[in-house]
$ cat query_29.tsv   # TSV, C-alpha atoms and all ligand atoms
chain	number	residue	atom	x	y	z
A	1	MET	CA	31.78	3.92	-26.35
A	2	ALA	CA	28.28	3.42	-27.78
A	3	GLY	CA	25.56	1.77	-25.68
A	4	GLN	CA	25.71	4.02	-22.61
A	5	ARG	CA	22.52	4.75	-20.63
A	6	ILE	CA	21.90	8.49	-20.56
A	7	ALA	CA	19.26	10.30	-18.51
A	8	VAL	CA	18.31	13.75	-19.82
A	9	ILE	CA	16.55	15.91	-17.22
A	10	GLY	CA	14.30	18.38	-19.08
A	11	SER	CA	12.77	17.86	-22.50
A	12	GLY	CA	12.79	21.34	-24.01
A	13	GLY	CA	15.02	22.76	-26.74
A	14	ILE	CA	18.34	21.65	-25.25
A	15	GLY	CA	17.06	18.33	-23.86
A	16	GLY	CA	15.73	17.51	-27.34
A	17	VAL	CA	18.99	18.48	-29.08
A	18	LEU	CA	21.07	16.40	-26.65
A	19	ALA	CA	18.72	13.41	-26.87
A	20	GLU	CA	19.09	13.61	-30.66
A	21	ALA	CA	22.89	13.73	-30.28
A	22	ALA	CA	23.07	10.91	-27.73
A	23	HIS	CA	20.89	8.69	-29.92
A	24	ALA	CA	23.05	9.49	-32.99
A	25	ALA	CA	26.12	8.44	-30.97
A	26	GLY	CA	24.49	5.07	-30.26
A	27	HIS	CA	23.28	5.53	-26.67
A	28	GLN	CA	20.00	4.70	-24.90
A	29	VAL	CA	18.19	7.82	-23.79
A	30	THR	CA	15.71	8.27	-20.95
A	31	MET	CA	14.04	11.68	-20.79
A	32	CYS	CA	13.15	12.77	-17.24
A	33	VAL	CA	10.17	15.01	-17.89
A	34	ARG	CA	7.74	17.31	-16.13
A	35	THR	CA	5.23	17.33	-19.01
A	36	PRO	CA	4.88	13.90	-20.63
A	37	PHE	CA	4.62	13.32	-24.39
A	38	GLU	CA	4.11	10.37	-26.72
A	39	LYS	CA	7.21	10.70	-28.88
A	40	LEU	CA	10.21	12.97	-29.30
A	41	THR	CA	10.44	14.65	-32.71
A	42	VAL	CA	13.39	16.83	-33.65
A	43	GLN	CA	13.07	19.04	-36.71
A	44	THR	CA	16.34	20.34	-38.24
A	45	PRO	CA	17.39	22.09	-41.45
A	46	ASP	CA	18.18	18.56	-42.76
A	47	GLY	CA	14.80	16.99	-42.00
A	48	THR	CA	12.55	15.74	-39.24
A	49	GLU	CA	13.34	12.67	-37.13
A	50	ASP	CA	11.56	10.77	-34.39
A	51	ILE	CA	14.14	9.94	-31.73
A	52	PRO	CA	13.54	6.70	-29.81
A	53	VAL	CA	13.62	7.60	-26.12
A	54	THR	CA	12.09	6.26	-22.93
A	55	VAL	CA	9.98	8.88	-21.14
A	56	ALA	CA	10.07	8.86	-17.33
A	57	THR	CA	7.74	11.07	-15.31
A	58	ASP	CA	8.85	10.02	-11.83
A	59	PRO	CA	12.34	9.41	-10.43
A	60	SER	CA	11.24	5.97	-9.17
A	61	GLU	CA	10.96	4.85	-12.83
A	62	LEU	CA	14.70	5.34	-13.40
A	63	GLY	CA	17.00	2.35	-13.53
A	64	GLU	CA	20.80	2.44	-13.57
A	65	VAL	CA	22.30	5.12	-15.78
A	66	ASP	CA	25.87	5.95	-16.84
A	67	TRP	CA	25.46	9.70	-17.43
A	68	ALA	CA	22.94	12.39	-16.46
A	69	LEU	CA	22.46	15.62	-18.42
A	70	LEU	CA	20.67	18.52	-16.71
A	71	THR	CA	18.90	20.76	-19.24
A	72	THR	CA	16.25	22.62	-17.24
A	73	LYS	CA	16.33	26.39	-16.94
A	74	VAL	CA	18.56	27.50	-14.05
A	75	HIS	CA	15.57	28.61	-11.93
A	76	ASP	CA	13.97	25.18	-12.40
A	77	VAL	CA	16.87	23.26	-10.82
A	78	PRO	CA	15.28	23.23	-7.32
A	79	GLY	CA	12.13	21.71	-8.87
A	80	ALA	CA	14.26	18.97	-10.44
A	81	ALA	CA	15.76	18.01	-7.06
A	82	GLY	CA	13.96	14.64	-7.04
A	83	TRP	CA	15.64	13.59	-10.30
A	84	LEU	CA	19.00	14.84	-9.09
A	85	ARG	CA	18.70	12.94	-5.79
A	86	GLU	CA	17.78	9.73	-7.60
A	87	LEU	CA	20.69	10.05	-10.05
A	88	ASP	CA	23.26	11.13	-7.44
A	89	ASP	CA	24.94	7.85	-6.50
A	90	GLY	CA	28.35	9.53	-6.07
A	91	ARG	CA	29.57	7.95	-9.33
A	92	THR	CA	27.30	8.96	-12.23
A	93	PRO	CA	28.58	12.15	-13.86
A	94	LEU	CA	26.09	15.03	-14.05
A	95	VAL	CA	26.60	17.38	-17.00
A	96	VAL	CA	24.97	20.76	-16.35
A	97	VAL	CA	24.09	22.22	-19.75
A	98	GLN	CA	22.79	25.70	-19.09
A	99	ASN	CA	23.40	29.36	-19.84
A	100	GLY	CA	24.90	31.63	-17.21
A	101	VAL	CA	27.89	31.19	-14.93
A	102	GLU	CA	26.36	29.30	-11.98
A	103	HIS	CA	26.62	25.72	-13.25
A	104	ARG	CA	28.30	24.33	-10.14
A	105	GLU	CA	26.50	26.48	-7.55
A	106	SER	CA	23.05	25.52	-8.80
A	107	VAL	CA	23.73	21.83	-8.12
A	108	SER	CA	25.88	22.26	-5.01
A	109	GLN	CA	23.88	19.53	-3.22
A	110	VAL	CA	25.09	16.88	-5.71
A	111	SER	CA	27.88	14.72	-4.30
A	112	GLY	CA	28.98	12.99	-7.52
A	113	PRO	CA	31.12	14.39	-10.36
A	114	VAL	CA	29.71	17.54	-12.03
A	115	LEU	CA	30.74	18.80	-15.47
A	116	PRO	CA	29.58	22.32	-16.40
A	117	ALA	CA	28.79	22.74	-20.09
A	118	LEU	CA	27.96	25.58	-22.47
A	119	ILE	CA	25.89	24.89	-25.54
A	120	TYR	CA	25.83	26.95	-28.73
A	121	VAL	CA	22.70	26.19	-30.71
A	122	GLY	CA	19.36	27.69	-31.68
A	123	ALA	CA	16.64	25.33	-30.42
A	124	GLU	CA	12.96	25.86	-29.69
A	125	ARG	CA	10.49	23.46	-28.08
A	126	VAL	CA	7.32	24.23	-30.02
A	127	GLU	CA	5.14	21.75	-28.11
A	128	PRO	CA	5.84	18.93	-25.63
A	129	GLY	CA	8.03	16.38	-27.44
A	130	HIS	CA	8.58	18.56	-30.51
A	131	VAL	CA	11.84	20.49	-30.84
A	132	VAL	CA	13.03	22.66	-33.74
A	133	ARG	CA	16.83	22.92	-34.03
A	134	ARG	CA	17.73	25.76	-36.38
A	135	SER	CA	21.54	25.57	-36.26
A	136	PRO	CA	24.29	22.99	-35.68
A	137	ALA	CA	25.13	22.49	-32.01
A	138	SER	CA	28.51	22.74	-30.28
A	139	VAL	CA	29.32	22.31	-26.60
A	140	GLN	CA	32.20	23.63	-24.51
A	141	VAL	CA	33.41	21.90	-21.33
A	142	PRO	CA	36.41	22.29	-19.01
A	143	ARG	CA	39.49	20.36	-20.08
A	144	GLY	CA	40.19	17.36	-17.85
A	145	ASP	CA	39.35	13.70	-17.39
A	146	LEU	CA	35.57	14.21	-17.22
A	147	GLY	CA	35.60	16.61	-20.18
A	148	ALA	CA	37.52	14.06	-22.24
A	149	ARG	CA	35.07	11.30	-21.27
A	150	PHE	CA	32.13	13.48	-22.29
A	151	THR	CA	33.83	14.27	-25.60
A	152	ALA	CA	34.24	10.53	-26.21
A	153	LEU	CA	30.61	9.92	-25.20
A	154	LEU	CA	29.28	12.22	-27.91
A	155	GLU	CA	31.72	11.13	-30.62
A	156	GLY	CA	29.81	10.58	-33.85
A	157	SER	CA	26.81	12.56	-32.56
A	158	GLY	CA	27.18	15.49	-34.93
A	159	VAL	CA	27.73	17.81	-31.93
A	160	ARG	CA	31.20	19.30	-31.74
A	161	ILE	CA	32.64	19.27	-28.20
A	162	ARG	CA	35.39	21.76	-27.39
A	163	GLU	CA	37.45	21.44	-24.21
A	164	THR	CA	38.83	24.61	-22.66
A	165	GLU	CA	41.46	25.38	-20.00
A	166	ASP	CA	39.62	28.56	-19.05
A	167	PHE	CA	35.96	27.72	-18.47
A	168	ARG	CA	35.32	30.98	-16.60
A	169	THR	CA	36.21	32.99	-19.70
A	170	ALA	CA	34.21	30.60	-21.88
A	171	ALA	CA	31.13	30.98	-19.66
A	172	TRP	CA	31.33	34.79	-19.66
A	173	ARG	CA	31.86	34.74	-23.43
A	174	LYS	CA	28.68	32.66	-23.75
A	175	MET	CA	26.97	35.25	-21.51
A	176	LEU	CA	27.77	37.85	-24.19
A	177	THR	CA	25.61	35.88	-26.65
A	178	ASN	CA	22.70	36.09	-24.17
A	179	LEU	CA	22.98	39.45	-22.40
A	180	ALA	CA	21.72	41.48	-25.35
A	181	PRO	CA	19.67	39.04	-27.49
A	182	ASN	CA	17.70	37.33	-24.71
A	183	PRO	CA	16.32	40.42	-22.90
A	184	ILE	CA	15.80	42.38	-26.12
A	185	THR	CA	13.86	39.61	-27.88
A	186	ALA	CA	11.83	38.88	-24.74
A	187	LEU	CA	10.94	42.56	-24.24
A	188	THR	CA	10.22	43.38	-27.89
A	189	LEU	CA	8.50	40.03	-28.57
A	190	ARG	CA	10.59	39.74	-31.74
A	191	ARG	CA	13.03	37.09	-32.96
A	192	LEU	CA	16.73	37.69	-33.62
A	193	ASP	CA	15.90	39.83	-36.67
A	194	VAL	CA	15.35	42.64	-34.13
A	195	LEU	CA	19.14	42.86	-33.65
A	196	ALA	CA	19.55	44.11	-37.22
A	197	ASP	CA	17.67	47.34	-36.43
A	198	PRO	CA	20.43	50.01	-36.20
A	199	ASP	CA	19.20	51.47	-32.90
A	200	VAL	CA	18.85	48.01	-31.35
A	201	ARG	CA	22.31	47.11	-32.56
A	202	GLU	CA	23.70	50.22	-30.86
A	203	LEU	CA	21.86	49.30	-27.66
A	204	SER	CA	23.25	45.74	-27.87
A	205	ALA	CA	26.77	47.07	-28.31
A	206	GLY	CA	26.31	49.24	-25.21
A	207	VAL	CA	24.97	46.30	-23.18
A	208	LEU	CA	28.00	44.19	-24.11
A	209	THR	CA	30.50	47.01	-23.52
A	210	GLU	CA	29.22	47.21	-19.93
A	211	ALA	CA	29.37	43.42	-19.66
A	212	ILE	CA	33.01	43.20	-20.71
A	213	GLU	CA	34.11	45.40	-17.82
A	214	VAL	CA	32.20	43.25	-15.34
A	215	ALA	CA	33.37	39.97	-16.88
A	216	ARG	CA	36.97	41.14	-16.64
A	217	ALA	CA	36.47	42.11	-13.00
A	218	GLU	CA	35.11	38.56	-12.44
A	219	GLY	CA	38.34	37.12	-13.88
A	220	ALA	CA	37.32	36.47	-17.48
A	221	ASP	CA	39.94	37.11	-20.14
A	222	LEU	CA	37.74	39.11	-22.51
A	223	THR	CA	38.16	42.40	-24.37
A	224	GLN	CA	35.91	44.70	-26.39
A	225	ASP	CA	36.97	42.69	-29.47
A	226	ASP	CA	35.05	39.72	-28.04
A	227	ALA	CA	31.92	41.86	-27.69
A	228	GLU	CA	32.24	43.05	-31.28
A	229	GLN	CA	32.88	39.53	-32.50
A	230	VAL	CA	29.82	38.16	-30.71
A	231	LEU	CA	27.58	40.87	-32.12
A	232	GLY	CA	29.03	40.88	-35.60
A	233	ASP	CA	29.69	37.21	-36.03
A	234	TYR	CA	27.89	34.80	-33.74
A	235	VAL	CA	24.54	36.53	-33.61
A	236	ARG	CA	24.68	37.18	-37.38
A	237	LYS	CA	25.31	33.46	-37.97
A	238	MET	CA	22.11	32.53	-36.11
A	239	PRO	CA	19.12	32.49	-38.45
A	240	PRO	CA	17.01	35.65	-37.88
A	241	THR	CA	14.01	33.31	-37.55
A	242	ASN	CA	15.54	31.91	-34.35
A	243	GLY	CA	14.34	33.43	-31.12
A	244	THR	CA	15.95	33.04	-27.73
A	245	SER	CA	15.19	30.80	-24.78
A	246	MET	CA	13.99	33.89	-22.88
A	247	LEU	CA	11.60	34.94	-25.66
A	248	TYR	CA	10.10	31.43	-25.76
A	249	ASP	CA	9.46	31.56	-22.01
A	250	ARG	CA	7.91	35.03	-22.21
A	251	VAL	CA	5.41	34.01	-24.90
A	252	ALA	CA	4.63	30.77	-23.07
A	253	GLY	CA	3.87	32.77	-19.91
A	254	LEU	CA	6.66	30.90	-18.07
A	255	PRO	CA	9.21	32.35	-15.62
A	256	MET	CA	12.20	33.81	-17.49
A	257	GLU	CA	15.86	33.21	-16.74
A	258	HIS	CA	16.82	36.89	-16.40
A	259	GLU	CA	17.99	36.67	-12.76
A	260	HIS	CA	20.60	34.11	-13.89
A	261	ILE	CA	21.80	36.10	-16.90
A	262	THR	CA	21.28	39.89	-16.60
A	263	GLY	CA	20.72	39.61	-12.84
A	264	VAL	CA	24.05	37.85	-12.34
A	265	LEU	CA	25.79	40.58	-14.32
A	266	VAL	CA	24.12	43.44	-12.44
A	267	ARG	CA	24.88	41.90	-9.04
A	268	ALA	CA	28.52	41.30	-10.02
A	269	ALA	CA	28.73	44.91	-11.25
A	270	GLU	CA	27.47	46.13	-7.86
A	271	ARG	CA	30.14	44.07	-6.08
A	272	HIS	CA	32.84	45.64	-8.26
A	273	HIS	CA	31.34	49.18	-8.15
A	274	ILE	CA	30.87	49.24	-11.93
A	275	ASP	CA	27.92	51.16	-13.32
A	276	VAL	CA	25.85	49.16	-15.83
A	277	PRO	CA	22.81	51.38	-16.53
A	278	LEU	CA	21.73	49.62	-19.72
A	279	ASN	CA	21.78	46.17	-18.13
A	280	ARG	CA	20.05	47.53	-15.01
A	281	THR	CA	17.29	48.99	-17.19
A	282	LEU	CA	16.79	45.68	-19.03
A	283	LEU	CA	16.65	43.85	-15.70
A	284	THR	CA	14.07	46.29	-14.30
A	285	LEU	CA	11.86	45.81	-17.37
A	286	LEU	CA	12.18	42.01	-17.31
A	287	ARG	CA	11.30	41.95	-13.62
A	288	ALA	CA	8.24	44.09	-14.40
A	289	CYS	CA	6.85	41.67	-17.03
A	290	ARG	CA	3.68	39.88	-15.91
A	291	PRO	CA	3.32	36.18	-16.80
A	292	ALA	CA	0.76	35.78	-19.59
A	293	ARG	CA	0.54	33.60	-22.68
A	294	LEU	CA	1.19	35.71	-25.78
A	295	PRO	CA	0.96	34.97	-29.50
A	296	ALA	CA	4.21	33.40	-30.78
A	297	PRO	CA	6.16	35.90	-32.93
A	301	LIG	N1	17.03	27.03	-26.45
A	301	LIG	C1	18.23	27.42	-26.86
A	301	LIG	O1	18.45	27.67	-28.06
A	301	LIG	C2	19.35	27.54	-25.88
A	301	LIG	C3	19.17	27.39	-24.52
A	301	LIG	N2	20.26	27.45	-23.67
A	301	LIG	C4	20.12	27.25	-22.23
A	301	LIG	O2	19.85	25.88	-21.98
A	301	LIG	C5	19.06	25.71	-20.79
A	301	LIG	C6	17.78	24.97	-21.18
A	301	LIG	O3	17.05	25.79	-22.07
A	301	LIG	P1	15.90	25.26	-23.03
A	301	LIG	O4	16.08	23.85	-23.36
A	301	LIG	O5	15.77	26.26	-24.10
A	301	LIG	O6	14.65	25.40	-22.05
A	301	LIG	P2	13.18	24.80	-22.27
A	301	LIG	O7	12.29	25.66	-21.46
A	301	LIG	O8	12.91	24.62	-23.72
A	301	LIG	O9	13.29	23.38	-21.62
A	301	LIG	C7	13.47	23.19	-20.25
A	301	LIG	C8	12.85	21.88	-19.90
A	301	LIG	O10	13.05	21.63	-18.50
A	301	LIG	C9	11.88	21.01	-18.04
A	301	LIG	N3	11.75	21.03	-16.59
A	301	LIG	C10	11.58	22.07	-15.76
A	301	LIG	N4	11.45	21.65	-14.49
A	301	LIG	C11	11.53	20.30	-14.55
A	301	LIG	C12	11.44	19.29	-13.57
A	301	LIG	N5	11.23	19.57	-12.28
A	301	LIG	N6	11.54	18.00	-13.96
A	301	LIG	C13	11.73	17.69	-15.27
A	301	LIG	N7	11.82	18.61	-16.25
A	301	LIG	C14	11.72	19.90	-15.88
A	301	LIG	C15	10.76	21.76	-18.73
A	301	LIG	O11	9.57	21.02	-18.58
A	301	LIG	P3	8.19	21.38	-19.29
A	301	LIG	O12	8.25	20.59	-20.57
A	301	LIG	O13	7.15	20.93	-18.35
A	301	LIG	O14	8.21	22.87	-19.52
A	301	LIG	C16	11.34	21.82	-20.13
A	301	LIG	O15	11.02	20.65	-20.87
A	301	LIG	C17	18.80	27.12	-20.28
A	301	LIG	O16	19.78	27.45	-19.32
A	301	LIG	C18	18.98	28.01	-21.54
A	301	LIG	O17	19.34	29.32	-21.23
A	301	LIG	C19	21.52	27.60	-24.16
A	301	LIG	C20	21.74	27.78	-25.49
A	301	LIG	C21	20.69	27.82	-26.46
A	302	LIG	C1	22.50	32.31	-28.11
A	302	LIG	C2	21.05	31.99	-27.96
A	302	LIG	C3	20.28	33.26	-28.11
A	302	LIG	C4	20.71	31.03	-29.07
A	302	LIG	O1	19.42	30.63	-29.11
A	302	LIG	C5	20.81	31.33	-26.63
A	302	LIG	O2	21.74	30.90	-26.00
A	302	LIG	C6	19.47	31.28	-26.03
A	302	LIG	O3	18.47	31.24	-26.76
A	302	LIG	O4	19.41	31.28	-24.78
$ encode --input "query_29.tsv" --output "structure tokens"
Amino acid sequence: MAGQRIAVIGSGGIGGVLAEAAHAAGHQVTMCVRTPFEKLTVQTPDGTEDIPVTVATDPSELGEVDWALLTTKVHDVPGAAGWLRELDDGRTPLVVVQNGVEHRESVSQVSGPVLPALIYVGAERVEPGHVVRRSPASVQVPRGDLGARFTALLEGSGVRIRETEDFRTAAWRKMLTNLAPNPITALTLRRLDVLADPDVRELSAGVLTEAIEVARAEGADLTQDDAEQVLGDYVRKMPPTNGTSMLYDRVAGLPMEHEHITGVLVRAAERHHIDVPLNRTLLTLLRACRPARLPAP
């Protein structure tokens, strides 16, 4: 099904990776941006490519589209309301590609079909229109008609799409990849190499042990084995030169996504009367950070 018109809201790491994928699958991409740029360049371990996209800075510039992909940070969704309103014709599917577990709630005003999506990739926007992708990307979506259509849309894109019966578990499992690395890199101002320090690894294991109990109370089918696998396998597979989306925001002096990752966990823990002192401490420290531009690690 090449030749579809795809609007990508947000032009950071994930917007760039998905524009690259949509172009590779033969689609026409319009980037709906807050900060305009001349051209989109995506740098990967295989080389650097300029991706032909149309850049729109105002919703009135959008024509008809077949799909919309939302790739802002969760806290930036209210700011993207104009794009969402313009694209919400009750028919065009909106794919919400974000971390966390609030994919549907954050776009509850949208009347058309919504597909929540989890993306596994290491991507950094180093300047407007320039994205570095340091690992292959894969996406997980709920199994169903819309999930199957999205899988078909990105066929041939180089991005593997996995459909799951149990999206709640998948979303909490993705949370495990963020709950330790994102706060720890943002607070230490170090990239993922920080996780190899033995004391930091022990702290990460403790953070995820707390998270498993909360995730289970929230209905996710996860065990301590999942926490160990995430720490030992997934994080190890990411290049140590990769950072996290939260670290990139901290050094750019931008708001961080902690309320939608660690904050969600801590609030769920309170509801279930589970004590999560390590996650509470990380949340307190993240809330205490002052916005300031810092040298990139
Ligand atoms: N980066 C990664 O490796 C991964 C990120 N994720 C998740 O994916 C989501 C996106 O993260 P990521 O791409 O890294 O974030 P970025 O900060 O790199 O990109 C977000 C983009 O959204 C744009 N944006 C914000 N508000 C608006 C608006 N009102 N209108 C248009 N564009 C807007 C920003 O604009 P501007 O250019 O002006 O800043 C920016 O280009 C997050 O939930 C993150 O946690 C998941 C897996 C991996
Ligand atoms: C898993 C990880 C850390 C990969 O970059 C991520 O999801 C993020 O940066 O938010």
$ residues_near_point --input "query_29.tsv" --point "(14.7, 47.2, -16.1)" --cutoff "12 Å" --atoms "only C-alpha atoms" --output "JSON list (two decimals) with C-alpha atoms, in the frame of the given file"
[["chain", "number", "residue", "atom", "x", "y", "z"],
["A", 183, "PRO", "CA", 16.32, 40.42, -22.90],
["A", 184, "ILE", "CA", 15.80, 42.38, -26.12],
["A", 187, "LEU", "CA", 10.94, 42.56, -24.24],
["A", 258, "HIS", "CA", 16.82, 36.89, -16.40],
["A", 259, "GLU", "CA", 17.99, 36.67, -12.76],
["A", 262, "THR", "CA", 21.28, 39.89, -16.60],
["A", 263, "GLY", "CA", 20.72, 39.61, -12.84],
["A", 266, "VAL", "CA", 24.12, 43.44, -12.44],
["A", 276, "VAL", "CA", 25.85, 49.16, -15.83],
["A", 277, "PRO", "CA", 22.81, 51.38, -16.53],
["A", 278, "LEU", "CA", 21.73, 49.62, -19.72],
["A", 279, "ASN", "CA", 21.78, 46.17, -18.13],
["A", 280, "ARG", "CA", 20.05, 47.53, -15.01],
["A", 281, "THR", "CA", 17.29, 48.99, -17.19],
["A", 282, "LEU", "CA", 16.79, 45.68, -19.03],
["A", 283, "LEU", "CA", 16.65, 43.85, -15.70],
["A", 284, "THR", "CA", 14.07, 46.29, -14.30],
["A", 285, "LEU", "CA", 11.86, 45.81, -17.37],
["A", 286, "LEU", "CA", 12.18, 42.01, -17.31],
["A", 287, "ARG", "CA", 11.30, 41.95, -13.62],
["A", 288, "ALA", "CA", 8.24, 44.09, -14.40],
["A", 289, "CYS", "CA", 6.85, 41.67, -17.03]]
$ closest_residue --input "query_29.tsv" --among "A:Val159, A:Ala80, A:Val53, A:Ile6" --to "Ala68 in chain A" --atoms "all atoms listed in the file"
A:Ile6
$ residues_near_ligand --input "query_29.tsv" --ligand "ligand LIG 302 (chain A)" --cutoff "6 Å" --atoms "all atoms listed in the file" --output "PyMOL selection string"
chain A and resi 121-122+177-178+181-182+244-245
$ atom_distance --input "query_29.tsv" --atom1 "CA of His273 in chain A" --atom2 "CA of Ala227 in chain A"
20.9 Å
$ residues_near_ligand --input "query_29.tsv" --ligand "ligand LIG 301 (chain A)" --cutoff "7 Å" --atoms "all atoms listed in the file" --output "compact mmCIF listing (two decimals) with C-alpha atoms, in the frame of the given file"
# COMPACT_ATOMS: atom_id res chain seq x y z
CA ILE A 9 16.55 15.91 -17.22
CA GLY A 10 14.30 18.38 -19.08
CA SER A 11 12.77 17.86 -22.50
CA GLY A 12 12.79 21.34 -24.01
CA GLY A 13 15.02 22.76 -26.74
CA ILE A 14 18.34 21.65 -25.25
CA GLY A 15 17.06 18.33 -23.86
CA CYS A 32 13.15 12.77 -17.24
CA VAL A 33 10.17 15.01 -17.89
CA ARG A 34 7.74 17.31 -16.13
CA THR A 35 5.23 17.33 -19.01
CA THR A 71 18.90 20.76 -19.24
CA THR A 72 16.25 22.62 -17.24
CA LYS A 73 16.33 26.39 -16.94
CA VAL A 74 18.56 27.50 -14.05
CA ASP A 76 13.97 25.18 -12.40
CA VAL A 77 16.87 23.26 -10.82
CA GLY A 79 12.13 21.71 -8.87
CA ALA A 80 14.26 18.97 -10.44
CA VAL A 97 24.09 22.22 -19.75
CA GLN A 98 22.79 25.70 -19.09
CA ASN A 99 23.40 29.36 -19.84
CA GLY A 100 24.90 31.63 -17.21
CA LEU A 118 27.96 25.58 -22.47
CA ILE A 119 25.89 24.89 -25.54
CA TYR A 120 25.83 26.95 -28.73
CA VAL A 121 22.70 26.19 -30.71
CA GLY A 122 19.36 27.69 -31.68
CA ALA A 123 16.64 25.33 -30.42
CA GLU A 124 12.96 25.86 -29.69
CA ARG A 125 10.49 23.46 -28.08
CA PRO A 128 5.84 18.93 -25.63
CA THR A 244 15.95 33.04 -27.73
CA SER A 245 15.19 30.80 -24.78
CA ASP A 249 9.46 31.56 -22.01
CA GLU A 257 15.86 33.21 -16.74
$ closest_residue --input "query_29.tsv" --among "A:Pro78, A:Leu70, A:Arg293, A:Thr185" --to "Leu94 in chain A" --atoms "only C-alpha atoms"
A:Leu70
$ atom_distance --input "query_29.tsv" --atom1 "CA of Gly253 in chain A" --atom2 "CA of Glu20 in chain A"
26.7 Å
$ closest_residue --input "query_29.tsv" --among "A:Glu163, A:Glu86, A:Glu155, A:Glu213" --to "Leu115 in chain A" --atoms "all atoms listed in the file"
A:Glu163
$ closest_residue --input "query_29.tsv" --among "A:Ala196, A:Val107, A:Leu40, A:Val95" --to "His75 in chain A" --atoms "only C-alpha atoms"
A:Val107
$ atom_distance --input "query_29.tsv" --atom1 "CA of Asp226 in chain A" --atom2 "CA of Met175 in chain A"
11.3 Å
$ residues_near_point --input "query_29.tsv" --point "(22.0, 19.2, -39.3)" --cutoff "10 Å" --atoms "all atoms listed in the file" --output "PyMOL selection string"
chain A and resi 43-47+133-137+158-159
$ closest_residue --input "query_29.tsv" --among "A:Gly16, A:Gly232, A:Pro59, A:Pro295" --to "Leu189 in chain A" --atoms "only C-alpha atoms"
A:Pro295
$ residues_around --input "query_29.tsv" --residues "range 199-212 of chain A" --least-positions-apart "4" --cutoff "8 Å" --atoms "all atoms listed in the file" --output "PyMOL selection string"
chain A and resi 176+179-181+194-195+216+222-224+227-228+231+265+275-276+278-279
$ write_last_selection --input "query_29.tsv" --atoms "C-alpha atoms" --output "PDB file, keeping the file's coordinate frame"
ATOM      1  CA  LEU A 176      27.770  37.850 -24.190  1.00  0.00           C
ATOM      2  CA  LEU A 179      22.980  39.450 -22.400  1.00  0.00           C
ATOM      3  CA  ALA A 180      21.720  41.480 -25.350  1.00  0.00           C
ATOM      4  CA  PRO A 181      19.670  39.040 -27.490  1.00  0.00           C
ATOM      5  CA  VAL A 194      15.350  42.640 -34.130  1.00  0.00           C
ATOM      6  CA  LEU A 195      19.140  42.860 -33.650  1.00  0.00           C
ATOM      7  CA  ARG A 216      36.970  41.140 -16.640  1.00  0.00           C
ATOM      8  CA  LEU A 222      37.740  39.110 -22.510  1.00  0.00           C
ATOM      9  CA  THR A 223      38.160  42.400 -24.370  1.00  0.00           C
ATOM     10  CA  GLN A 224      35.910  44.700 -26.390  1.00  0.00           C
ATOM     11  CA  ALA A 227      31.920  41.860 -27.690  1.00  0.00           C
ATOM     12  CA  GLU A 228      32.240  43.050 -31.280  1.00  0.00           C
ATOM     13  CA  LEU A 231      27.580  40.870 -32.120  1.00  0.00           C
ATOM     14  CA  LEU A 265      25.790  40.580 -14.320  1.00  0.00           C
ATOM     15  CA  ASP A 275      27.920  51.160 -13.320  1.00  0.00           C
ATOM     16  CA  VAL A 276      25.850  49.160 -15.830  1.00  0.00           C
ATOM     17  CA  LEU A 278      21.730  49.620 -19.720  1.00  0.00           C
ATOM     18  CA  ASN A 279      21.780  46.170 -18.130  1.00  0.00           C
TER      19      ASN A 279
END
$ closest_residue --input "query_29.tsv" --among "A:His27, A:Arg191, A:Ser138, A:Arg162" --to "Val235 in chain A" --atoms "only C-alpha atoms"
A:Arg191
$ residues_around --input "query_29.tsv" --residues "Ala152 in chain A" --least-positions-apart "5" --cutoff "12 Å" --atoms "all atoms listed in the file" --output "PyMOL selection string"
chain A and resi 1-2+4+22+25-26+145-147+157+159-163
$ residues_around --input "query_29.tsv" --residues "Val214 in chain A" --least-positions-apart "5" --cutoff "8 Å" --atoms "only C-alpha atoms" --output "list of chain:residue names"
A:Leu265, A:Ala268, A:Ala269, A:His272, A:Ile274
$ axis_aligned_box --input "query_29.tsv" --around "range 261-277 of chain A" --padding-each-side "5 Å" --output "lines of an AutoDock Vina configuration file"
center_x = 26.8
center_y = 43.7
center_z = -11.5
size_x = 22.1
size_y = 25.3
size_z = 20.8
$ decode --input "query_29.tsv" --residues "range 94-100 of chain A" --atoms "N, CA and C atoms" --output "PDB file, in the first residue's frame"
ATOM      1  N   LEU A  94      -5.095   7.906  14.004  1.00  0.00           N
ATOM      2  CA  LEU A  94      -4.021   8.605  14.724  1.00  0.00           C
ATOM      3  C   LEU A  94      -3.223   7.560  15.497  1.00  0.00           C
ATOM      4  N   VAL A  95      -1.943   7.432  15.167  1.00  0.00           N
ATOM      5  CA  VAL A  95      -1.080   6.482  15.875  1.00  0.00           C
ATOM      6  C   VAL A  95      -0.285   7.275  16.904  1.00  0.00           C
ATOM      7  N   VAL A  96      -0.454   6.940  18.185  1.00  0.00           N
ATOM      8  CA  VAL A  96       0.206   7.669  19.263  1.00  0.00           C
ATOM      9  C   VAL A  96       1.473   6.900  19.653  1.00  0.00           C
ATOM     10  N   VAL A  97       2.613   7.439  19.229  1.00  0.00           N
ATOM     11  CA  VAL A  97       3.891   6.725  19.419  1.00  0.00           C
ATOM     12  C   VAL A  97       4.652   7.411  20.539  1.00  0.00           C
ATOM     13  N   GLN A  98       4.436   6.940  21.749  1.00  0.00           N
ATOM     14  CA  GLN A  98       5.044   7.602  22.906  1.00  0.00           C
ATOM     15  C   GLN A  98       5.417   6.566  23.965  1.00  0.00           C
ATOM     16  N   ASN A  99       6.275   6.958  24.885  1.00  0.00           N
ATOM     17  CA  ASN A  99       6.527   6.137  26.067  1.00  0.00           C
ATOM     18  C   ASN A  99       5.386   6.329  27.059  1.00  0.00           C
ATOM     19  N   GLY A 100       5.379   5.481  28.088  1.00  0.00           N
ATOM     20  CA  GLY A 100       4.366   5.590  29.124  1.00  0.00           C
ATOM     21  C   GLY A 100       3.193   4.663  28.867  1.00  0.00           C
TER      22      GLY A 100
END
